[in-house]
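> For reference, the file protein32.pdb (PDB, C-alpha atoms) is included below:
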```pdb
ATOM      1  CA  MET A 190     104.454  64.120  90.990
ATOM      2  CA  GLU A 191     105.067  66.750  93.678
ATOM      3  CA  PHE A 192     102.969  69.953  93.832
ATOM      4  CA  ALA A 193     100.716  68.805  91.011
ATOM      5  CA  SER A 194      98.707  72.036  91.136
ATOM      6  CA  ARG A 195     101.800  74.087  90.198
ATOM      7  CA  ARG A 196     103.365  74.633  86.810
ATOM      8  CA  GLN A 197     105.411  71.499  86.293
ATOM      9  CA  PRO A 198     109.025  71.279  85.091
ATOM     10  CA  PRO A 199     109.935  69.263  81.977
ATOM     11  CA  ARG A 200     109.301  65.518  82.295
ATOM     12  CA  SER A 201     113.013  64.685  82.439
ATOM     13  CA  TRP A 202     113.304  66.668  85.692
ATOM     14  CA  ILE A 203     110.263  65.294  87.532
ATOM     15  CA  PRO A 204     111.737  61.977  88.848
ATOM     16  CA  TRP A 205     114.837  63.753  90.159
ATOM     17  CA  MET A 206     112.891  66.564  91.771
ATOM     18  CA  ASP A 207     110.371  64.198  93.378
ATOM     19  CA  GLU A 208     113.173  62.141  94.985
ATOM     20  CA  TRP A 209     114.920  65.326  96.119
ATOM     21  CA  VAL A 210     111.733  66.635  97.724
ATOM     22  CA  ARG A 211     111.160  63.357  99.585
ATOM     23  CA  GLU A 212     114.688  63.494 100.999
ATOM     24  CA  MET A 213     114.258  67.109 102.096
ATOM     25  CA  ARG A 214     111.135  66.100 104.020
ATOM     26  CA  VAL A 215     113.075  63.347 105.773
ATOM     27  CA  HIS A 216     115.764  65.877 106.692
ATOM     28  CA  GLY A 217     113.136  68.095 108.294
ATOM     29  CA  ASN A 218     113.045  71.025 105.872
ATOM     30  CA  THR A 219     109.890  73.073 106.259
ATOM     31  CA  GLU A 220     107.166  72.583 103.673
ATOM     32  CA  MET A 221     107.391  76.282 102.801
ATOM     33  CA  THR A 222     111.121  75.984 102.025
ATOM     34  CA  ILE A 223     110.616  72.741 100.095
ATOM     35  CA  GLU A 224     107.907  74.186  97.878
ATOM     36  CA  HIS A 225     109.859  77.385  97.281
ATOM     37  CA  TRP A 226     113.050  75.546  96.346
ATOM     38  CA  TRP A 227     111.073  73.143  94.130
ATOM     39  CA  TYR A 228     109.603  76.153  92.330
ATOM     40  CA  GLN A 229     113.070  77.710  91.837
ATOM     41  CA  ILE A 230     114.606  74.527  90.422
ATOM     42  CA  GLY A 231     111.547  74.117  88.206
ATOM     43  CA  TYR A 232     112.187  77.610  86.864
ATOM     44  CA  LEU A 233     115.838  76.674  86.204
ATOM     45  CA  ALA A 234     114.632  73.641  84.238
ATOM     46  CA  LEU A 235     112.309  75.739  82.087
ATOM     47  CA  HIS A 236     114.877  78.516  81.681
ATOM     48  CA  SER A 237     117.739  76.229  80.609
ATOM     49  CA  ARG A 238     115.735  73.864  78.365
ATOM     50  CA  LYS A 239     118.212  71.117  79.247
ATOM     51  CA  ARG A 240     118.021  67.829  81.081
ATOM     52  CA  PRO A 241     119.231  67.914  84.727
ATOM     53  CA  GLU A 242     122.312  65.800  83.985
ATOM     54  CA  SER A 243     123.356  68.277  81.261
ATOM     55  CA  ILE A 244     123.301  71.483  83.315
ATOM     56  CA  THR A 245     126.690  73.235  83.430
ATOM     57  CA  ASP A 246     128.080  76.042  85.562
ATOM     58  CA  ALA A 247     127.630  78.339  82.541
ATOM     59  CA  ASP A 248     123.921  77.487  82.494
ATOM     60  CA  LEU A 249     123.680  78.295  86.192
ATOM     61  CA  LEU A 250     125.483  81.621  85.796
ATOM     62  CA  LYS A 251     123.130  82.574  82.969
ATOM     63  CA  TRP A 252     120.099  81.686  85.128
ATOM     64  CA  LEU A 253     121.432  83.503  88.194
ATOM     65  CA  GLY A 254     122.265  86.581  86.130
ATOM     66  CA  ARG A 255     118.786  86.992  84.663
ATOM     67  CA  GLY A 256     118.232  90.339  86.406
ATOM     68  CA  VAL A 257     116.871  89.577  89.885
ATOM     69  CA  GLY A 258     118.071  91.146  93.136
ATOM     70  CA  THR A 259     120.856  89.942  95.404
ATOM     71  CA  SER A 260     118.470  88.341  97.905
ATOM     72  CA  ALA A 261     116.737  86.402  95.127
ATOM     73  CA  ILE A 262     120.107  85.230  93.746
ATOM     74  CA  ARG A 263     121.125  84.003  97.207
ATOM     75  CA  SER A 264     117.849  82.087  97.486
ATOM     76  CA  ASP A 265     118.343  80.585  93.997
ATOM     77  CA  CYS A 266     121.869  79.512  94.982
ATOM     78  CA  ASN A 267     120.590  77.812  98.134
ATOM     79  CA  ALA A 268     118.034  75.830  96.137
ATOM     80  CA  ALA A 269     120.491  74.878  93.381
ATOM     81  CA  SER A 270     123.211  73.926  95.882
ATOM     82  CA  SER A 271     120.801  71.601  97.668
ATOM     83  CA  PHE A 272     119.560  70.011  94.442
ATOM     84  CA  PHE A 273     122.910  69.380  92.763
ATOM     85  CA  LYS A 274     124.593  68.280  95.988
ATOM     86  CA  TRP A 275     121.804  65.700  96.330
ATOM     87  CA  ALA A 276     122.223  64.651  92.668
ATOM     88  CA  LYS A 277     125.968  64.064  93.063
ATOM     89  CA  LEU A 278     125.582  62.275  96.397
ATOM     90  CA  HIS A 279     123.106  59.791  94.894
ATOM     91  CA  GLY A 280     125.090  59.174  91.703
ATOM     92  CA  LYS A 281     122.699  61.041  89.423
ATOM     93  CA  ARG A 282     125.617  62.995  87.995
ATOM     94  CA  PRO A 283     129.391  62.834  88.593
ATOM     95  CA  ASP A 284     129.805  66.478  89.561
ATOM     96  CA  ASN A 285     128.127  69.376  91.289
ATOM     97  CA  PRO A 286     128.137  72.415  88.946
ATOM     98  CA  MET A 287     127.342  74.721  91.875
ATOM     99  CA  GLU A 288     130.811  74.104  93.327
ATOM    100  CA  SER A 289     132.348  76.503  90.794
ATOM    101  CA  ILE A 290     129.735  79.231  91.306
ATOM    102  CA  PRO A 291     131.119  82.146  93.372
ATOM    103  CA  THR A 292     129.555  82.864  96.746
ATOM    104  CA  VAL A 293     126.997  85.650  96.663
ATOM    105  CA  LYS A 294     127.715  88.091  99.448
ATOM    106  CA  ARG A 295     124.853  89.413 101.504
ATOM    107  CA  ASP A 296     124.095  93.047 100.705
ATOM    108  CA  LYS A 297     124.634  94.826 104.025
ATOM    109  CA  ARG A 298     123.744  98.293 102.777
ATOM    110  CA  LYS A 299     120.626  99.748 104.287
ATOM    111  CA  LYS A 300     117.882 100.071 101.718
ATOM    112  CA  GLN A 301     115.258 102.742 101.772
ATOM    113  CA  PRO A 302     111.684 101.920 102.782
ATOM    114  CA  ALA A 303     108.829 102.237 100.330
ATOM    115  CA  SER A 304     107.602 105.775  99.745
ATOM    116  CA  GLU A 305     104.178 107.097 100.672
ATOM    117  CA  GLU A 306     103.524 107.477  96.948
ATOM    118  CA  ALA A 307     104.127 103.736  96.450
ATOM    119  CA  VAL A 308     101.694 102.969  99.273
ATOM    120  CA  ARG A 309      99.071 105.211  97.653
ATOM    121  CA  LYS A 310      99.578 103.498  94.301
ATOM    122  CA  GLY A 311      99.135 100.084  95.870
ATOM    123  CA  LEU A 312      96.011 101.033  97.788
ATOM    124  CA  ALA A 313      94.528 102.621  94.656
ATOM    125  CA  SER A 314      95.100  99.521  92.510
ATOM    126  CA  THR A 315      92.111  98.087  90.682
ATOM    127  CA  ASP A 316      93.306  94.605  91.706
ATOM    128  CA  TRP A 317      91.969  93.735  95.179
ATOM    129  CA  ARG A 318      94.888  91.351  95.670
ATOM    130  CA  VAL A 319      97.432  94.157  95.308
ATOM    131  CA  ARG A 320      95.495  96.406  97.683
ATOM    132  CA  LEU A 321      95.359  93.710 100.338
ATOM    133  CA  MET A 322      98.989  92.672  99.840
ATOM    134  CA  VAL A 323     100.175  96.254 100.303
ATOM    135  CA  MET A 324      98.093  96.542 103.475
ATOM    136  CA  LEU A 325      99.594  93.314 104.837
ATOM    137  CA  MET A 326     103.127  94.551 104.181
ATOM    138  CA  ASN A 327     102.644  98.205 105.116
ATOM    139  CA  ASP A 328     100.392  97.687 108.175
ATOM    140  CA  ALA A 329     101.622  94.300 109.444
ATOM    141  CA  GLY A 330     105.166  93.919 108.067
ATOM    142  CA  LEU A 331     104.697  90.528 106.407
ATOM    143  CA  ARG A 332     107.133  88.867 104.016
ATOM    144  CA  ARG A 333     105.880  87.926 100.554
ATOM    145  CA  ARG A 334     106.118  84.206 101.366
ATOM    146  CA  GLU A 335     104.110  84.762 104.538
ATOM    147  CA  ILE A 336     101.456  86.585 102.529
ATOM    148  CA  SER A 337     101.213  83.801  99.954
ATOM    149  CA  VAL A 338     100.230  81.161 102.550
ATOM    150  CA  ILE A 339      97.657  83.129 104.581
ATOM    151  CA  HIS A 340      94.421  81.218 105.200
ATOM    152  CA  THR A 341      91.261  82.892 106.413
ATOM    153  CA  ASP A 342      91.459  80.644 109.501
ATOM    154  CA  ASP A 343      94.637  82.503 110.475
ATOM    155  CA  LEU A 344      92.522  85.508 111.491
ATOM    156  CA  VAL A 345      91.950  85.173 115.258
ATOM    157  CA  ASP A 346      90.481  87.191 118.117
ATOM    158  CA  ASP A 347      92.731  88.656 120.781
ATOM    159  CA  LEU A 348      91.880  90.597 123.927
ATOM    160  CA  LEU A 349      91.652  93.926 122.121
ATOM    161  CA  GLY A 350      90.666  93.103 118.552
ATOM    162  CA  LYS A 351      91.873  90.883 115.722
ATOM    163  CA  SER A 352      95.293  89.380 115.104
ATOM    164  CA  LEU A 353      96.853  87.251 112.389
ATOM    165  CA  VAL A 354      98.738  83.990 112.899
ATOM    166  CA  VAL A 355     101.717  84.476 110.583
ATOM    167  CA  HIS A 356     103.541  81.372 109.369
ATOM    168  CA  GLY A 357     107.146  82.557 109.277
ATOM    169  CA  LYS A 358     110.487  81.033 108.430
ATOM    170  CA  GLY A 359     111.567  77.760 110.004
ATOM    171  CA  ARG A 360     108.074  76.694 111.167
ATOM    172  CA  LYS A 361     108.021  79.688 113.508
ATOM    173  CA  ASP A 362     104.574  81.191 113.830
ATOM    174  CA  ARG A 363     103.986  84.605 115.375
ATOM    175  CA  ILE A 364     100.937  86.660 116.258
ATOM    176  CA  VAL A 365     100.682  90.107 114.655
ATOM    177  CA  PRO A 366      97.943  92.520 115.814
ATOM    178  CA  LEU A 367      95.934  93.982 112.935
ATOM    179  CA  THR A 368      94.422  97.364 112.336
ATOM    180  CA  THR A 369      90.626  97.384 112.264
ATOM    181  CA  GLU A 370      90.611  98.087 108.524
ATOM    182  CA  LEU A 371      93.020  95.264 107.683
ATOM    183  CA  ALA A 372      91.143  92.769 109.854
ATOM    184  CA  TYR A 373      87.904  93.739 108.101
ATOM    185  CA  GLU A 374      89.416  93.252 104.632
ATOM    186  CA  ILE A 375      90.700  89.769 105.526
ATOM    187  CA  GLY A 376      87.430  88.821 107.255
ATOM    188  CA  ARG A 377      85.325  89.655 104.211
ATOM    189  CA  ARG A 378      87.192  87.289 101.888
ATOM    190  CA  PRO A 379      85.741  83.825 101.110
ATOM    191  CA  LYS A 380      86.834  81.022 103.423
ATOM    192  CA  GLY A 381      90.052  79.354 102.294
ATOM    193  CA  TRP A 382      93.389  80.619 101.007
ATOM    194  CA  LEU A 383      93.445  84.404 101.106
ATOM    195  CA  PHE A 384      95.268  84.461  97.767
ATOM    196  CA  PRO A 385      94.311  81.326  95.816
ATOM    197  CA  GLY A 386      96.653  79.906  93.186
ATOM    198  CA  GLN A 387      95.830  79.953  89.500
ATOM    199  CA  TYR A 388      94.746  76.320  89.475
ATOM    200  CA  SER A 389      94.521  75.232  93.121
ATOM    201  CA  GLY A 390      96.246  75.758  96.459
ATOM    202  CA  HIS A 391      97.707  79.129  97.384
ATOM    203  CA  MET A 392      99.530  81.701  95.278
ATOM    204  CA  CYS A 393     103.312  81.391  95.074
ATOM    205  CA  ALA A 394     105.571  84.015  96.665
ATOM    206  CA  ASP A 395     107.030  85.064  93.306
ATOM    207  CA  SER A 396     103.550  85.996  92.077
ATOM    208  CA  VAL A 397     103.148  88.247  95.129
ATOM    209  CA  TYR A 398     106.469  89.885  94.239
ATOM    210  CA  ARG A 399     105.494  90.491  90.602
ATOM    211  CA  LEU A 400     102.024  91.851  91.399
ATOM    212  CA  VAL A 401     103.314  94.329  93.981
ATOM    213  CA  LEU A 402     106.322  95.479  91.953
ATOM    214  CA  ARG A 403     104.256  95.979  88.813
ATOM    215  CA  ALA A 404     101.587  98.001  90.635
ATOM    216  CA  THR A 405     103.771 100.156  92.900
ATOM    217  CA  GLY A 406     107.302 100.190  91.504
ATOM    218  CA  GLU A 407     108.564  98.917  94.883
ATOM    219  CA  THR A 408     109.501  95.419  96.056
ATOM    220  CA  PRO A 409     107.501  93.766  98.859
ATOM    221  CA  HIS A 410     110.463  94.056 101.216
ATOM    222  CA  ALA A 411     110.504  97.840 100.778
ATOM    223  CA  PHE A 412     107.038  97.970 102.370
ATOM    224  CA  ARG A 413     108.243  95.702 105.181
ATOM    225  CA  ARG A 414     111.090  98.152 105.819
ATOM    226  CA  LYS A 415     108.588 101.014 105.882
ATOM    227  CA  PHE A 416     106.522  99.181 108.494
ATOM    228  CA  ALA A 417     109.635  98.571 110.624
ATOM    229  CA  THR A 418     110.797 102.186 110.355
ATOM    230  CA  ASP A 419     107.374 103.623 111.188
ATOM    231  CA  VAL A 420     106.914 101.355 114.214
ATOM    232  CA  TRP A 421     110.362 102.341 115.465
ATOM    233  CA  HIS A 422     109.606 106.037 115.011
ATOM    234  CA  ALA A 423     106.300 105.636 116.849
ATOM    235  CA  THR A 424     107.644 103.583 119.776
ATOM    236  CA  GLY A 425     111.430 103.961 119.867
ATOM    237  CA  ASP A 426     111.454 100.258 120.780
ATOM    238  CA  ALA A 427     113.568  98.071 118.483
ATOM    239  CA  VAL A 428     112.625  94.943 120.458
ATOM    240  CA  LYS A 429     108.956  95.403 119.552
ATOM    241  CA  VAL A 430     109.939  95.868 115.914
ATOM    242  CA  LYS A 431     111.973  92.638 116.097
ATOM    243  CA  GLU A 432     109.023  90.657 117.476
ATOM    244  CA  LEU A 433     106.588  92.043 114.905
ATOM    245  CA  LEU A 434     108.926  91.227 112.029
ATOM    246  CA  GLY A 435     109.720  87.745 113.339
ATOM    247  CA  HIS A 436     113.489  88.248 113.415
ATOM    248  CA  GLU A 437     115.922  86.127 115.392
ATOM    249  CA  SER A 438     118.222  88.987 116.344
ATOM    250  CA  LEU A 439     118.167  92.737 116.844
ATOM    251  CA  GLU A 440     121.087  93.046 114.428
ATOM    252  CA  THR A 441     118.839  91.895 111.601
ATOM    253  CA  THR A 442     116.077  94.238 112.710
ATOM    254  CA  GLN A 443     118.406  97.240 112.731
ATOM    255  CA  ASN A 444     118.991  96.743 109.008
ATOM    256  CA  TYR A 445     115.276  97.365 108.452
ATOM    257  CA  ILE A 446     115.130 100.629 110.396
ATOM    258  CA  PHE A 447     115.954 103.571 108.167
ATOM    259  CA  SER A 448     117.291 106.650 109.955
ATOM    260  CA  THR A 449     117.006 110.035 108.265
ATOM    261  CA  ALA A 450     119.069 113.176 108.820
ATOM    262  CA  GLU A 451     116.090 114.525 110.765
ATOM    263  CA  ASP A 452     116.239 111.542 113.142
ATOM    264  CA  LEU A 453     119.941 112.125 113.740
ATOM    265  CA  ARG A 454     119.400 115.843 114.289
ATOM    266  CA  GLU A 455     116.769 115.047 116.926
ATOM    267  CA  ALA A 456     119.262 112.756 118.659
ATOM    268  CA  VAL A 457     121.922 115.488 118.769
ATOM    269  CA  ASP A 458     119.377 118.053 120.014
ATOM    270  CA  ALA A 459     118.298 115.622 122.727
ATOM    271  CA  MET A 460     121.929 115.151 123.751
ATOM    272  CA  ASN A 461     122.456 118.926 124.021
ATOM    273  CA  LEU A 462     119.309 119.297 126.097
ATOM    274  CA  TYR A 463     120.499 116.493 128.399
ATOM    275  CA  ARG A 464     123.873 118.175 128.872
ATOM    276  CA  ARG A 465     122.263 121.511 129.723
ATOM    277  CA  GLN A 466     119.993 119.778 132.234
ATOM    278  CA  GLN A 467     123.013 118.140 133.816
ATOM    279  CA  GLN A 468     124.717 121.515 134.205
ATOM    280  CA  VAL A 469     121.784 122.950 136.186
ATOM    281  CA  GLY A 470     121.386 119.777 138.251
ATOM    282  CA  VAL A 471     118.197 118.511 136.603
ATOM    283  CA  ALA A 472     118.827 115.061 135.122
ATOM    284  CA  ARG A 473     116.101 114.040 132.679
ATOM    285  CA  PRO A 474     113.103 115.741 134.339
ATOM    286  CA  ASP A 475     110.890 114.156 131.682
ATOM    287  CA  ARG A 476     111.725 110.702 133.077
ATOM    288  CA  LEU A 477     110.998 111.875 136.611
ATOM    289  CA  LEU A 478     107.617 113.277 135.590
ATOM    290  CA  GLU A 479     106.806 110.095 133.641
ATOM    291  CA  ALA A 480     107.463 108.080 136.794
ATOM    292  CA  TYR A 481     104.719 110.092 138.533
ATOM    293  CA  SER A 482     102.304 109.477 135.623
ATOM    294  CA  VAL A 483     102.249 113.120 134.568
ATOM    295  CA  PRO A 484     100.492 113.431 131.161
ATOM    296  CA  LYS A 485     102.835 113.867 128.208
ATOM    297  CA  PRO A 486     101.448 117.281 127.131
ATOM    298  CA  VAL A 487     102.221 118.604 130.612
ATOM    299  CA  ILE A 488     105.711 117.088 130.467
ATOM    300  CA  ASP A 489     106.324 118.780 127.117
ATOM    301  CA  LEU A 490     105.304 122.150 128.567
ATOM    302  CA  VAL A 491     107.621 121.686 131.558
ATOM    303  CA  ILE A 492     110.576 120.753 129.335
ATOM    304  CA  GLN A 493     109.829 123.720 127.087
ATOM    305  CA  SER A 494     109.793 126.043 130.094
ATOM    306  CA  ILE A 495     113.091 124.648 131.379
ATOM    307  CA  THR A 496     114.669 125.105 127.970
ATOM    308  CA  GLU A 497     113.483 128.714 127.727
ATOM    309  CA  LEU A 498     114.835 129.489 131.204
ATOM    310  CA  GLN A 499     118.188 127.982 130.279
ATOM    311  CA  LYS A 500     118.348 130.116 127.125
ATOM    312  CA  GLN A 501     117.562 133.239 129.127
ATOM    313  CA  ALA A 502     120.289 132.364 131.614
ATOM    314  CA  GLU A 503     122.785 131.840 128.793
ATOM    315  CA  ASN A 504     121.883 135.231 127.229
ATOM    316  CA  ASN A 505     122.292 136.989 130.579
TER
END
```
What would the structure in this file look like if it were written as structure tokens?

Amino acid sequence: MEFASRRQPPRSWIPWMDEWVREMRVHGNTEMTIEHWWYQIGYLALHSRKRPESITDADLLKWLGRGVGTSAIRSDCNAASSFFKWAKLHGKRPDNPMESIPTVKRDKRKKQPASEEAVRKGLASTDWRVRLMVMLMNDAGLRRREISVIHTDDLVDDLLGKSLVVHGKGRKDRIVPLTTELAYEIGRRPKGWLFPGQYSGHMCADSVYRLVLRATGETPHAFRRKFATDVWHATGDAVKVKELLGHESLETTQNYIFSTAEDLREAVDAMNLYRRQQQVGVARPDRLLEAYSVPKPVIDLVIQSITELQKQAENN
């Protein structure tokens, strides 16, 4: 019986799911993906109340349409496609009911980051788990699955303070620097899984989702988007945001950075300032002063003076 510490599916599903899990391990799927997909198929089994050989495409559509978001539906489809493809390949059933399920398109619309009010709600929660989860998402940009598998041993020293070894997708670990407050909160927890499961092991990612959503009204990913947007505003460096989030490409990262009308106005104002500087023969004096290590407050005063002189010249 796989993942014995977790809520188990009906007995008729266990032999199939155990064989499926063993094959996924042989294929090289990560343990995080295997456990997550096992959990999703287990939920399908409990939701449908049918044996695995009796599941139809109508059952799958009912399960997929139970009211979760697009990303969750895509993840459910990946798990179900793997399971029923395996079942057909090994003669467990003559068909694959997922073959008639329409493809779920990725939602490419930019979603808003979590609000400051949601952050305050999370940090004011009476549940220490919610408070710490919100800190991990808002101050370190972690995914819910990454949060669920944190061990106290993942807290490590770096040259300037404390960092966290984050176990990301595809067996790809990354190091994320922590704020002093967040490092303290992790360090004071008992040794072991940061968020223990109900019976044993670590908490599942879906439990992280439910706890955060119930306490704040926002999904975990909304806090991750807030982290990405705030880091970008503070640094203007999308590459740093990409590394902190553990993304493969900048294109993915750009979907996490939310630009406001104020940001766009600043960009247009900066363009106008650049054009005026070009007209008087001064190309980006701020860059020139930065090259000579002039302090930023002094640079700001110089730019302000140049701008005022240009306005006076225009008025005259």
> Could you expand the PyMOL selection byres ((chain A and resi 373) around 12) into the explicit residues it covers here, written as a ChimeraX atom specification?
/A:321,324,341,344-345,350-353,367-372,374-378
> Which of these residues is nearest to A:Ile336, using only C-alpha atoms: A:Gly381, A:Gly231, A:Gly258, A:Pro409?
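Using only C-alpha atoms, A:Ile336 sits closest to A:Pro409.
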> Listing only residues of stretch 270-344 of chain A within 8 Å of stretch 392-408 of chain A, what is the closest atom pair and its distance in Å (to one decimal) for each, using all atoms listed in the file, sorted by chain and residue number ascending, as a tab-separated table?

```
residue	atom	partner	partner_atom	distance
A:Ala303	CA	A:Glu407	CA	6.4
A:Ala307	CA	A:Thr405	CA	5.1
A:Val308	CA	A:Thr405	CA	7.3
A:Lys310	CA	A:Thr405	CA	5.5
A:Gly311	CA	A:Thr405	CA	5.5
A:Ser314	CA	A:Ala404	CA	6.9
A:Val319	CA	A:Val401	CA	6.0
A:Met322	CA	A:Val401	CA	7.5
A:Val323	CA	A:Val401	CA	7.3
A:Arg333	CA	A:Ala394	CA	5.5
A:Arg334	CA	A:Ala394	CA	4.7
A:Ile336	CA	A:Ala394	CA	7.6
A:Ser337	CA	A:Met392	CA	5.4
A:Val338	CA	A:Met392	CA	7.3
```
> Can you work out the spacing between atom CA of A:Phe192 and atom CA of A:Glu220 in Å, to one decimal?
11.0 Å
> Any chance you could resolve the PyMOL selection byres ((chain A and resi 223) around 10) against this file and give the residues as an NGL selection string?
:A and (209-211 or 213-214 or 217-222 or 224-229 or 268)
> Using the chain letters and numbering of this document, enumerate as a VMD selection string the residues selected by the PyMOL selection byres ((chain A and resi 292) around 9).
chain A and resid 263 266 290 to 291 293 to 294
> When distances are computed from all atoms listed in the file, which of A:Ile230, A:Ser289, A:Val355, A:Asp284 shows the smallest separation from A:Leu250?
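Answer, going by the shortest atom-to-atom distance: A:Ser289.
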> Counting only C-alpha atoms, which residues sit no farther than 10 Å from the position (105.0, 68.2, 90.3) in the file's frame? I'd like them as a PyMOL selection string.
chain A and resi 190-200+202-204+206-207+227-228+231
> Take atom CA of A:Arg332 and atom CA of A:Met287 and report the distance between them in Å, one decimal.
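Result for atom CA of A:Arg332 versus atom CA of A:Met287: 27.5 Å, one decimal.
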> One decimal, Å: what's the distance from atom CA of A:Lys239 over to atom CA of A:Asn285, could you say?
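Result for atom CA of A:Lys239 versus atom CA of A:Asn285: 15.7 Å, one decimal.
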> Can you tell me, as an NGL selection string, what residues are no more than 10 Å from A:His410 when counting only C-alpha atoms, ignoring any on the same chain fewer than 3 positions away?
:A and (300-303 or 326-327 or 330-333 or 398 or 407 or 413-416 or 445)
> Restricting the calculation to only C-alpha atoms, which member of A:Trp205, A:Glu497, A:Ser304, A:Ala313 is positioned closest to A:Lys277?
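Ranking A:Trp205, A:Glu497, A:Ser304, A:Ala313 by distance to A:Lys277, first place goes to A:Trp205.
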> Can you report as JSON the centre and edge lengths in Å, to one decimal, of an axis-aligned box around the listed atoms of stretch 243-249 of chain A padded with 8 Å on each side?

```
{"center_x": 125.7, "center_y": 73.3, "center_z": 83.7, "size_x": 20.8, "size_y": 26.1, "size_z": 20.9}
```
> Go through A:Lys358, A:Arg282, A:His216, A:Arg318 and flag the residue nearest A:Thr245, using only C-alpha atoms for the distances.
A:Arg282
> I'd like to know which of A:Pro385, A:Pro484, A:Gly357, A:Pro379 is closest to A:Glu432, using only C-alpha atoms.
A:Gly357
> Taking only C-alpha atoms into account, name the residue in A:Leu462, A:Leu278, A:Leu235, A:Ala269 that is nearest to A:Ile492.
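Checking each candidate against A:Ile492, we get A:Leu462 as the closest.
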